[in-house]
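Here's data.csv, which has CSV, C-alpha atoms:
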```
chain,number,residue,atom,x,y,z
A,1,MET,CA,0.0,0.0,0.0
A,2,ASP,CA,2.9,2.4,0.9
A,3,PHE,CA,4.6,1.6,-2.4
A,4,ILE,CA,1.4,2.3,-4.4
A,5,THR,CA,0.8,5.5,-2.5
A,6,SER,CA,4.3,6.7,-3.0
A,7,THR,CA,4.3,5.9,-6.7
A,8,ALA,CA,1.0,7.8,-7.1
A,9,ILE,CA,2.1,10.9,-5.0
A,10,LEU,CA,5.6,11.4,-6.4
A,11,PRO,CA,4.5,12.0,-10.0
A,12,LEU,CA,1.9,14.3,-8.7
A,13,LEU,CA,4.4,16.3,-6.7
A,14,PHE,CA,6.8,16.5,-9.6
A,15,GLY,CA,4.0,17.6,-11.8
A,16,CYS,CA,3.0,20.4,-9.4
A,17,VAL,CA,6.6,21.5,-9.2
A,18,GLY,CA,6.8,21.6,-13.0
A,19,VAL,CA,3.6,23.6,-13.3
A,20,PHE,CA,4.7,26.0,-10.7
A,21,SER,CA,8.1,26.5,-12.4
A,22,LEU,CA,6.4,27.0,-15.7
A,23,PHE,CA,4.1,29.6,-14.1
A,24,LYS,CA,7.1,31.5,-12.6
A,25,LEU,CA,8.9,31.4,-16.0
A,26,LEU,CA,5.9,32.8,-17.8
A,27,GLN,CA,5.6,35.6,-15.2
A,28,ARG,CA,9.3,36.5,-15.6
A,29,MET,CA,8.9,36.5,-19.4
A,30,ARG,CA,5.8,38.8,-19.1
A,31,THR,CA,7.7,41.2,-16.8
A,32,ASN,CA,10.7,41.3,-19.1
A,33,ALA,CA,8.5,42.0,-22.1
A,34,TYR,CA,6.6,44.7,-20.3
A,35,LEU,CA,9.8,46.5,-19.2
A,36,ARG,CA,12.2,45.9,-22.1
A,37,ASN,CA,12.9,49.2,-23.9
A,38,ALA,CA,10.4,51.0,-21.6
A,39,VAL,CA,11.3,54.5,-20.5
A,40,VAL,CA,11.5,54.2,-16.7
A,41,VAL,CA,12.1,57.2,-14.5
A,42,ILE,CA,13.5,56.5,-11.0
A,43,THR,CA,13.8,59.2,-8.3
A,44,GLY,CA,16.2,58.9,-5.5
A,45,ALA,CA,18.3,56.7,-7.6
A,46,THR,CA,21.7,57.4,-6.0
A,47,SER,CA,21.4,55.3,-2.9
A,48,GLY,CA,19.5,52.6,-1.0
A,49,LEU,CA,16.4,51.1,-2.6
A,50,GLY,CA,16.5,53.5,-5.6
A,51,ARG,CA,20.0,52.4,-6.5
A,52,GLU,CA,19.1,48.7,-6.4
A,53,CYS,CA,15.9,49.4,-8.4
A,54,ALA,CA,18.1,51.0,-11.0
A,55,ARG,CA,20.1,47.8,-11.2
A,56,VAL,CA,17.2,45.5,-11.7
A,57,PHE,CA,15.3,47.7,-14.1
A,58,TYR,CA,18.5,48.2,-16.1
A,59,THR,CA,19.1,44.4,-16.2
A,60,ALA,CA,15.5,44.0,-17.5
A,61,GLY,CA,16.4,46.2,-20.5
A,62,ALA,CA,14.6,49.4,-19.6
A,63,LYS,CA,15.7,52.8,-20.8
A,64,LEU,CA,16.5,54.4,-17.4
A,65,VAL,CA,16.1,58.0,-16.4
A,66,LEU,CA,18.0,58.3,-13.1
A,67,CYS,CA,17.0,61.3,-10.9
A,68,GLY,CA,18.6,62.7,-7.8
A,69,ARG,CA,20.2,65.7,-6.2
A,70,ASN,CA,23.8,64.5,-6.6
A,71,ARG,CA,25.1,64.7,-10.2
A,72,GLU,CA,28.3,63.0,-9.4
A,73,ALA,CA,26.6,60.0,-7.7
A,74,LEU,CA,24.2,59.7,-10.7
A,75,GLU,CA,27.1,59.7,-13.2
A,76,GLU,CA,28.9,57.1,-11.0
A,77,LEU,CA,25.9,54.8,-11.0
A,78,THR,CA,25.5,55.3,-14.8
A,79,GLU,CA,29.1,54.2,-15.4
A,80,GLU,CA,28.7,51.3,-13.0
A,81,LEU,CA,25.6,50.0,-14.8
A,82,THR,CA,27.0,50.4,-18.3
A,83,ALA,CA,30.1,48.5,-17.3
A,84,SER,CA,28.1,45.6,-16.0
A,85,LEU,CA,27.9,42.5,-18.2
A,86,ALA,CA,25.5,40.6,-16.0
A,87,THR,CA,22.6,40.9,-18.4
A,88,GLN,CA,21.5,38.9,-21.5
A,89,VAL,CA,19.2,41.5,-23.0
A,90,GLN,CA,19.9,44.6,-24.9
A,91,THR,CA,20.6,47.5,-22.5
A,92,HIS,CA,20.5,51.3,-22.9
A,93,ARG,CA,22.8,53.8,-21.4
A,94,PRO,CA,20.9,55.6,-18.5
A,95,TYR,CA,20.1,59.2,-18.8
A,96,THR,CA,20.5,61.4,-15.7
A,97,VAL,CA,18.5,64.4,-14.5
A,98,THR,CA,19.6,66.3,-11.4
A,99,PHE,CA,17.0,68.1,-9.4
A,100,ASP,CA,15.5,68.5,-5.9
A,101,LEU,CA,12.0,67.2,-5.2
A,102,ALA,CA,11.5,70.0,-2.7
A,103,ASP,CA,11.9,72.5,-5.5
A,104,PRO,CA,8.6,72.8,-7.5
A,105,GLY,CA,10.2,74.8,-10.3
A,106,ALA,CA,13.0,72.2,-10.7
A,107,ILE,CA,10.4,69.4,-10.9
A,108,VAL,CA,8.6,71.1,-13.8
A,109,ALA,CA,11.9,71.7,-15.7
A,110,ALA,CA,13.0,68.1,-15.1
A,111,ALA,CA,9.7,66.7,-16.4
A,112,ALA,CA,10.0,68.9,-19.5
A,113,GLU,CA,13.6,67.7,-20.1
A,114,ILE,CA,12.6,64.1,-19.8
A,115,LEU,CA,9.7,64.4,-22.2
A,116,GLN,CA,11.8,66.4,-24.7
A,117,ARG,CA,14.5,63.7,-24.6
A,118,PHE,CA,12.2,60.6,-24.8
A,119,GLY,CA,8.8,61.8,-25.9
A,120,HIS,CA,7.0,59.8,-23.2
A,121,VAL,CA,7.4,58.0,-19.9
A,122,ASP,CA,6.3,54.4,-19.6
A,123,VAL,CA,7.0,53.9,-15.8
A,124,LEU,CA,7.5,56.6,-13.2
A,125,LEU,CA,9.0,55.2,-10.0
A,126,ASN,CA,8.6,57.7,-7.2
A,127,ASN,CA,11.1,56.4,-4.8
A,128,ALA,CA,12.9,59.4,-3.3
A,129,GLY,CA,12.1,60.3,0.3
A,130,ILE,CA,13.4,61.3,3.8
A,131,SER,CA,12.6,59.9,7.2
A,132,TYR,CA,12.0,61.6,10.6
A,133,ARG,CA,12.6,60.9,14.2
A,134,GLY,CA,11.2,63.1,17.0
A,135,ALA,CA,8.4,63.9,19.5
A,136,ILE,CA,5.5,65.9,18.1
A,137,VAL,CA,5.6,68.4,21.0
A,138,ASP,CA,9.3,69.3,20.1
A,139,THR,CA,9.0,69.4,16.3
A,140,THR,CA,8.8,72.6,14.5
A,141,THR,CA,6.2,73.0,11.7
A,142,ASP,CA,9.1,73.7,9.3
A,143,VAL,CA,10.3,70.2,9.8
A,144,ASP,CA,6.8,68.8,9.1
A,145,LYS,CA,6.7,70.9,5.9
A,146,LYS,CA,10.2,69.7,4.9
A,147,VAL,CA,9.2,66.0,5.1
A,148,MET,CA,5.9,66.6,3.3
A,149,GLU,CA,7.6,68.6,0.5
A,150,THR,CA,10.0,65.7,-0.3
A,151,ASN,CA,7.8,62.7,0.5
A,152,TYR,CA,4.4,63.9,-0.7
A,153,PHE,CA,4.3,67.2,-2.7
A,154,GLY,CA,7.4,66.3,-4.7
A,155,PRO,CA,6.1,62.9,-6.0
A,156,VAL,CA,2.7,64.5,-6.6
A,157,ALA,CA,4.1,67.4,-8.6
A,158,LEU,CA,6.3,65.1,-10.7
A,159,THR,CA,3.4,62.7,-11.3
A,160,LYS,CA,1.2,65.6,-12.4
A,161,ALA,CA,3.8,67.0,-14.7
A,162,LEU,CA,4.2,63.7,-16.5
A,163,LEU,CA,0.5,62.5,-16.4
A,164,PRO,CA,-0.9,64.5,-19.4
A,165,SER,CA,1.5,62.8,-21.7
A,166,MET,CA,0.5,59.4,-20.3
A,167,ILE,CA,-3.2,60.3,-20.7
A,168,LYS,CA,-2.6,61.4,-24.3
A,169,ARG,CA,-1.1,58.0,-25.1
A,170,ARG,CA,-3.5,56.1,-22.9
A,171,GLN,CA,-0.5,54.3,-21.6
A,172,GLY,CA,1.7,54.6,-18.5
A,173,HIS,CA,2.4,53.2,-15.1
A,174,VAL,CA,2.9,55.3,-12.0
A,175,VAL,CA,4.6,53.6,-9.1
A,176,VAL,CA,5.2,55.1,-5.6
A,177,ILE,CA,7.3,53.6,-2.8
A,178,SER,CA,5.3,54.4,0.3
A,179,SER,CA,5.8,52.6,3.6
A,180,ILE,CA,4.1,50.3,6.0
A,181,GLN,CA,3.8,53.6,8.0
A,182,GLY,CA,1.5,54.8,5.3
A,183,LYS,CA,-1.0,52.3,6.7
A,184,ILE,CA,-0.2,52.4,10.4
A,185,SER,CA,1.4,55.1,12.6
A,186,ILE,CA,4.3,54.5,15.0
A,187,PRO,CA,5.2,56.9,17.8
A,188,PHE,CA,8.0,59.4,17.2
A,189,ARG,CA,7.6,59.1,13.4
A,190,SER,CA,4.7,61.5,13.0
A,191,ALA,CA,5.9,63.7,10.1
A,192,TYR,CA,7.1,60.6,8.2
A,193,ALA,CA,3.9,58.6,8.8
A,194,ALA,CA,1.7,61.6,7.9
A,195,SER,CA,3.5,62.0,4.6
A,196,LYS,CA,3.1,58.4,3.7
A,197,HIS,CA,-0.6,58.3,4.7
A,198,ALA,CA,-1.1,61.3,2.4
A,199,THR,CA,0.8,59.5,-0.3
A,200,GLN,CA,-1.3,56.4,0.0
A,201,ALA,CA,-4.5,58.4,-0.2
A,202,PHE,CA,-3.5,60.5,-3.2
A,203,PHE,CA,-2.3,57.6,-5.3
A,204,ASP,CA,-5.4,55.5,-4.3
A,205,CYS,CA,-7.5,58.3,-5.7
A,206,LEU,CA,-5.2,58.6,-8.8
A,207,ARG,CA,-5.7,54.9,-9.5
A,208,ALA,CA,-9.4,55.2,-9.6
A,209,GLU,CA,-9.3,58.3,-11.8
A,210,MET,CA,-6.8,56.9,-14.2
A,211,GLU,CA,-8.6,53.6,-14.8
A,212,GLN,CA,-10.6,55.1,-17.7
A,213,TYR,CA,-7.3,56.0,-19.4
A,214,GLU,CA,-5.8,52.5,-18.9
A,215,ILE,CA,-3.0,53.9,-16.7
A,216,GLU,CA,-1.7,51.6,-14.0
A,217,VAL,CA,-1.0,52.9,-10.4
A,218,THR,CA,1.0,50.8,-8.0
A,219,VAL,CA,1.6,51.7,-4.3
A,220,ILE,CA,4.3,49.6,-2.6
A,221,SER,CA,4.6,49.7,1.2
A,222,PRO,CA,7.9,48.1,2.4
A,223,GLY,CA,8.7,47.5,6.1
A,224,TYR,CA,12.2,48.2,7.4
A,225,ILE,CA,14.9,48.1,4.8
A,226,HIS,CA,18.7,48.0,5.6
A,227,THR,CA,19.6,51.4,4.1
A,228,ASN,CA,20.8,54.8,5.3
A,229,LEU,CA,17.3,56.1,5.7
A,230,SER,CA,17.4,56.5,9.5
A,231,LEU,CA,21.0,57.9,9.3
A,232,ASN,CA,19.8,60.7,7.1
A,233,ALA,CA,16.5,61.2,8.9
A,234,VAL,CA,15.7,64.7,10.2
A,235,THR,CA,14.9,65.3,13.8
A,236,ALA,CA,12.5,67.7,15.7
A,237,ASP,CA,14.8,70.7,15.2
A,238,GLY,CA,15.7,69.9,11.6
A,239,SER,CA,19.2,68.4,12.3
A,240,THR,CA,20.3,65.0,11.0
A,241,TYR,CA,19.5,62.0,13.2
A,242,GLY,CA,22.7,60.2,12.3
A,243,VAL,CA,21.8,56.9,14.0
A,244,MET,CA,21.3,53.5,12.4
A,245,ASP,CA,18.3,52.2,14.2
A,246,LYS,CA,18.3,48.6,15.2
A,247,THR,CA,15.1,47.9,13.3
A,248,THR,CA,16.7,49.4,10.2
A,249,ALA,CA,19.9,47.5,10.6
A,250,GLN,CA,17.9,44.3,10.8
A,251,GLY,CA,15.7,45.2,7.9
A,252,ARG,CA,15.5,43.4,4.5
A,253,SER,CA,18.2,43.8,2.0
A,254,PRO,CA,17.4,46.5,-0.6
A,255,VAL,CA,18.5,44.1,-3.3
A,256,GLU,CA,15.6,41.7,-2.3
A,257,VAL,CA,13.1,44.5,-2.0
A,258,ALA,CA,14.2,45.9,-5.5
A,259,ARG,CA,13.5,42.5,-7.0
A,260,ASP,CA,10.0,42.5,-5.4
A,261,VAL,CA,9.4,46.0,-6.7
A,262,LEU,CA,10.3,44.9,-10.2
A,263,ALA,CA,8.0,41.9,-9.9
A,264,ALA,CA,5.1,44.0,-8.6
A,265,VAL,CA,5.5,46.5,-11.5
A,266,GLY,CA,5.7,43.7,-14.1
A,267,LYS,CA,2.6,42.1,-12.7
A,268,LYS,CA,0.8,45.5,-12.6
A,269,LYS,CA,-0.2,45.0,-9.0
A,270,LYS,CA,-2.2,47.8,-7.4
A,271,ASP,CA,-1.2,47.7,-3.7
A,272,VAL,CA,1.7,45.7,-2.4
A,273,ILE,CA,2.9,45.2,1.2
A,274,LEU,CA,6.5,44.1,1.5
A,275,ALA,CA,6.8,43.7,5.3
A,276,ASP,CA,7.3,40.9,7.9
A,277,LEU,CA,4.4,39.2,9.6
A,278,LEU,CA,4.0,41.4,12.6
A,279,PRO,CA,3.8,44.8,10.8
A,280,SER,CA,1.5,43.2,8.3
A,281,LEU,CA,-0.8,41.9,11.1
A,282,ALA,CA,-0.7,45.3,12.7
A,283,ILE,CA,-2.5,46.7,9.7
A,284,TYR,CA,-5.4,44.4,10.2
A,285,LEU,CA,-5.3,44.9,14.0
A,286,ARG,CA,-5.7,48.7,13.4
A,287,THR,CA,-8.9,48.0,11.5
A,288,LEU,CA,-10.4,45.1,13.4
A,289,ALA,CA,-9.3,45.9,17.0
A,290,PRO,CA,-8.3,49.6,17.1
A,291,GLY,CA,-8.5,49.8,20.9
A,292,LEU,CA,-5.9,47.1,21.3
A,293,PHE,CA,-3.7,48.7,18.5
A,294,PHE,CA,-3.8,52.1,20.2
A,295,SER,CA,-2.9,50.5,23.6
A,296,LEU,CA,0.1,48.7,22.0
A,297,MET,CA,1.3,52.0,20.4
A,298,ALA,CA,1.0,53.9,23.6
A,299,SER,CA,3.0,51.2,25.4
A,300,ARG,CA,5.6,51.4,22.6
A,301,ALA,CA,5.8,55.2,23.1
A,302,ARG,CA,6.3,54.8,26.9
A,303,LYS,CA,9.1,52.3,26.4
A,304,GLU,CA,10.8,54.4,23.7
A,305,ARG,CA,10.6,57.5,25.9
A,306,LYS,CA,11.9,55.7,28.9
A,307,SER,CA,14.8,54.3,26.8
A,308,LYS,CA,15.8,57.8,25.6
A,309,ASN,CA,15.6,59.3,29.1
A,310,SER,CA,17.7,56.5,30.7
```
Let me see the structure of the file written as structure tokens.
Amino acid sequence: MDFITSTAILPLLFGCVGVFSLFKLLQRMRTNAYLRNAVVVITGATSGLGRECARVFYTAGAKLVLCGRNREALEELTEELTASLATQVQTHRPYTVTFDLADPGAIVAAAAEILQRFGHVDVLLNNAGISYRGAIVDTTTDVDKKVMETNYFGPVALTKALLPSMIKRRQGHVVVISSIQGKISIPFRSAYAASKHATQAFFDCLRAEMEQYEIEVTVISPGYIHTNLSLNAVTADGSTYGVMDKTTAQGRSPVEVARDVLAAVGKKKKDVILADLLPSLAIYLRTLAPGLFFSLMASRARKERKSKNS
């Protein structure tokens, strides 16, 4: 009986593995076909997740437009990508545009330059952003505005500048890297969480409004990623935080997250959470048991405040 069972199950298992492998292969082929030769604009491309996204989209054969504030870093990344031989598809030398997302005039000029150069944009990846650490009572309104300018108003302005050309073609894909904190709020992250909540709301509305033009909108909400985000975070008085948080240090590799971003874009997913189990569960806890969620956040605030004062 055991022999009969094993001989029946093994072919079934191998068959399931084969079907799954074929399914994954077809998904990769569809992603590659979608992105090959596509004009892909990436903001915040000089470091962290943006840099790794540049690598994976370049390897997929996209025509990259790398955006950031540091011209030298953009040029360095361009040379690094073009020197790479780790791709089997035709690649294109990236084009760089230097501007600050906190400068509305520079955003309009950058969008015009991109459209003049390429004629259109297939994928806009709004990745650039800054983080924040501080108590609300100590934080100046100027700091709140600074975080909102970069994390919310900047991506919104760039999206609006490129959107008419997408609508005219009835083709395009707007992607925004939000955060798990765009869905739940953590103590001492108020300005950052607020900017990401606003981002989630805006691009959810955009998705609904763009459906009639067949334009895709993807919001990606990662958890902690091992980047310099916390090191470069602003504090209550506007100074640089300069500390690698333990949670950030233990976060996912930006290489892995970039691959997930590529897959999500290729599959045209609408809303993606890239976080561990506990943060993901917290989203549902906030909805299903808000009282318990608020108690847990208050407890976290007490512990964090006690740790800072000790």
Set out as a tab-separated table a contact list for stretch 150-247 of chain A and stretch 115-128 of chain A with a cut-off of 7 Å, giving each residue of stretch 150-247 of chain A that qualifies its closest atom pair and distance in Å to one decimal, counting all atoms listed in the file, ordered by chain and rising residue number.
```
residue	atom	partner	partner_atom	distance
A:Pro155	CA	A:Asn126	CA	5.9
A:Ser165	CA	A:His120	CA	6.4
A:Gly172	CA	A:Asp122	CA	4.7
A:His173	CA	A:Val123	CA	4.7
A:Val174	CA	A:Leu124	CA	4.9
A:Val175	CA	A:Leu125	CA	4.8
A:Val176	CA	A:Asn126	CA	4.6
A:Ile177	CA	A:Asn127	CA	5.1
```
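Among the candidates A:Ala73, A:Ile107, A:Ala263, A:Ile130, the residue lying nearest to A:Asn232 is A:Ile130 (atoms considered: all atoms listed in the file).
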Open item on the list: Just want the 10 Å neighbourhood of A:Pro104, counted on all atoms listed in the file, with same-chain residues fewer than 5 positions away dropped. Output as a list in words.
Closed with: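 Here the qualifying residues turn out to be Phe99, Ala109, Ala110, Glu149, Phe153, Gly154, Ala157 and Leu158 of chain A.
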Open item on the list: Using all atoms listed in the file for the distances, tell me which of A:Ala45, A:Cys205, A:Ala38, A:Val272 is nearest to A:Val219.
Closed with: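 Counting all atoms listed in the file, the residue closest to A:Val219 is A:Val272.
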Task: Selected residue, from A:Met210, A:Ile220, A:Leu229, A:Val255, that lies nearest to A:Arg170 when counting all atoms listed in the file - done: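 Smallest separation from A:Arg170 among the options: A:Met210.
Counting from atom CA of A:Arg51, the distance to atom CA of A:Ala264 is 17.2 Å.
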- [ ] Could you check which of A:Arg55, A:Tyr241, A:Gly44, A:Asn37 is closest to A:Leu262, using all atoms listed in the file?
- [x] A:Arg55
Open item on the list: What does the structure give for the distance between atom CA of A:Ala282 and atom CA of A:Gln200, in Å to one decimal?
Closed with: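 According to the coordinates, atom CA of A:Ala282 and atom CA of A:Gln200 are separated by 16.9 Å.
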TODO: Give me, please, the distance in Å between atom CA of A:Thr78 and atom CA of A:Pro94, quoted to one decimal.
DONE: 5.9 Å
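Closest approach to A:Ala60 among A:Lys145, A:Lys306, A:Arg169, A:Arg36: A:Arg36, based on all atoms listed in the file.
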Task: Spatial neighbours of A:Thr91, 10 Å, only C-alpha atoms, chain gap at least 2 places, as number ranges by chain - done: A: 36-37, 57-64, 81-82, 85, 87-89, 93-94
Open item on the list: Using only C-alpha atoms, can you tell me which of A:Ser295, A:Ser230, A:Tyr192, A:Thr98 comes closest to A:Gly242?
Closed with: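 Of the candidates, the smallest distance to A:Gly242 is held by A:Ser230.
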- [ ] Pick out the residues sitting within 6 Å of stretch 178-181 of chain A, and hand them over as a PyMOL selection string; count all atoms listed in the file, and ignore anything fewer than 4 positions along from it in its own chain.
- [x] chain A and resi 185+193+196+220-223
Task: Point (22.2, 55.4, 8.8) neighbourhood (12 Å, all atoms listed in the file) written as an MDAnalysis selection string - done: chainID A and resid 47:48 130:131 225:234 240:249
TODO: Pick out the residues sitting within 9 Å of A:Ile186, and hand them over as number ranges by chain; count all atoms listed in the file, and ignore anything fewer than 3 positions along from it in its own chain.
DONE: A: 181, 189-190, 193, 297, 300-301
Open item on the list: If we draw a sphere of 12 Å around (-4.4, 65.6, -13.7), which residues have at least one atom in it when counting all atoms listed in the file? Please report them as a list in words.
Closed with: Val156, Ala157, Leu158, Thr159, Lys160, Ala161, Leu162, Leu163, Pro164, Ser165, Met166, Ile167, Lys168, Phe202, Phe203, Cys205, Leu206, Arg207, Glu209, Met210 and Tyr213 of chain A
